[in-house]
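Working notes for the structure below.
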Amino acid sequence: MEDNKVIISKHPLIKHKISILRDTRTGTNEFRRLCDEIGVLLGFEALRDLPIAEHEIETPMCSMKAPFLTGKKLAIVPVLRAGLGMVNGMLTLVPSAKIGHVGLYRDHETLEPKEYYCKLPESIAERLVIIIDPMLATGGSACAAVDFIKQRGGTQIKFVCIIAAPEGVKRLQEEHPDIEIYIGMLDDHLNEDGYIVPGLGDAGDRIFGTK
């Protein structure tokens, strides 16, 4: 499954934290905290190729040319509502990033996404766009989110999720082979209702304490 466009984390901290997320005994507060922490770790992976340039600074000991980010414009775009659970973690790494939102809901009969909201930062064509959603299940919502961003001019797009099903990864690769996909853990399959197995249940419900 893994190739140069699909990056599945091997980090033991991510594996450990996802195991706690899966547990039915993990409550809302801890679930939210873990999504933040995993968001930081996955964001570190997804932003590993940000461009840098050297600038002269003075340390307490001497002058030196030090590496700094070159000011590449970033946009973090959570897929509502569950994607909101990863925003703070990503902002820990890049607090100056602009935030967009894509609102989708899944038709429970067709399992296909329906758009109800899309608001993106200005100059989206000039930005590296990081789409975040805890789960990549059927791939419908992920593909729709990428579609919306491309329709509005976005060209530099990465997708970051906590867990994924092979079916969703395959669909996202087929429909958008140009984007990189960052995955915390790749699960086994989708069940007949389109939920990831073993999964972690409904991420939105567990983040917000709803049913």
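Labels for the structure tokens follow display order: chains A, B, ..., residues from 1 in each chain, ligands from 1.
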With a cut-off of 12 Å, could you pull out the residues of stretch 21-77 of chain A touching stretch 135-154 of chain A and give me the nearest pair of atoms for each, distance in Å to one decimal, using only C-alpha atoms, ordered by chain and ascending number, as a Markdown table?
```
| residue | atom | partner | partner_atom | distance |
| --- | --- | --- | --- | --- |
| A:Cys35 | CA | A:Met135 | CA | 11.4 |
| A:Leu74 | CA | A:Gly154 | CA | 11.4 |
| A:Ala75 | CA | A:Gly154 | CA | 10.2 |
| A:Ile76 | CA | A:Ile149 | CA | 11.6 |
| A:Val77 | CA | A:Ala145 | CA | 9.0 |
```
Original post:
Which residues come within 6 Å of stretch 87-92 of chain A, counting only C-alpha atoms, excluding same-chain residues fewer than 4 positions away, as a PyMOL selection string?
Top reply: chain A and resi 36-37+39-40+43
**OP:** Pick out the closest residue to A:Val6 from this set: A:Ala46, A:Leu41, A:Ala125, A:Ile207. Count only C-alpha atoms.
**Re:** A:Ala46
Subject >> atom CA of A:Glu126 to atom CA of A:Leu69, distance in Å rounded to a single decimal >> reply: 15.9 Å
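Counting from atom CA of A:Thr28, the distance to atom CA of A:Ile181 is 26.8 Å.
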Original post:
Which residues in chain A does DSSP call alpha helix (DSSP H)? List them as a ChimeraX atom specification.
Top reply: /A:12-22,28-46,87-93,140-151,166-175,203-208
Original post:
How many Å separate atom CA of A:Phe208 from atom CA of A:Leu93?
Top reply: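 Between atom CA of A:Phe208 and atom CA of A:Leu93 the gap is 23.3 Å.
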**OP:** Check the smallest atom-to-atom distance from each of A:Glu56, A:Glu30, A:Asp193, A:Glu115 to A:Ile18 using only C-alpha atoms, then report the winner.
**Re:**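 Between A:Glu56, A:Glu30, A:Asp193, A:Glu115, the residue approaching A:Ile18 most closely is A:Glu30.
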**OP:** Would you kindly return, as a PyMOL selection string, each protein, DNA or RNA residue with an atom no farther than 9 Å from any atom of A:Ile14, considering only C-alpha atoms and excluding same-chain residues fewer than 6 positions away?
**Re:** chain A and resi 37-38+41-42+162+184-185
Subject >> stretch 129-205 of chain A: residues DSSP assigns to strand (DSSP E or B), reported as a PyMOL selection string >> reply: chain A and resi 129-132+135-136+156-164+180-186+189-190+196-197
Selection above as a file: C-alpha atoms, as a compact mmCIF listing (two decimals), in the first residue's frame:
```txt
# COMPACT_ATOMS: atom_id res chain seq x y z
CA VAL A 129 -3.15 23.12 1.78
CA ILE A 130 -3.24 20.47 4.52
CA ILE A 131 -6.63 18.74 4.64
CA ILE A 132 -7.22 17.03 7.98
CA MET A 135 -10.69 9.01 9.38
CA LEU A 136 -10.29 8.04 5.73
CA GLN A 156 -0.53 22.01 -3.55
CA ILE A 157 -2.54 19.65 -1.36
CA LYS A 158 -1.77 17.05 1.29
CA PHE A 159 -4.25 14.87 3.18
CA VAL A 160 -3.63 13.87 6.81
CA CYS A 161 -5.68 11.32 8.77
CA ILE A 162 -5.33 9.32 11.96
CA ILE A 163 -6.63 6.00 10.64
CA ALA A 164 -7.54 4.82 7.15
CA GLU A 180 0.39 13.02 -0.63
CA ILE A 181 -1.55 11.04 1.98
CA TYR A 182 -0.27 10.85 5.58
CA ILE A 183 -1.77 8.09 7.72
CA GLY A 184 -1.34 7.32 11.41
CA MET A 185 -2.37 3.67 11.03
CA LEU A 186 -3.80 1.67 8.14
CA HIS A 189 -11.24 -3.04 5.93
CA LEU A 190 -14.64 -1.32 5.82
CA ILE A 196 -13.45 1.30 9.42
CA VAL A 197 -12.61 -1.99 11.16
```
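With only C-alpha atoms as the basis for measurement, A:Ala165 is the residue among A:Val102, A:Glu54, A:Ala165, A:Phe44 that approaches A:Leu200 most closely.
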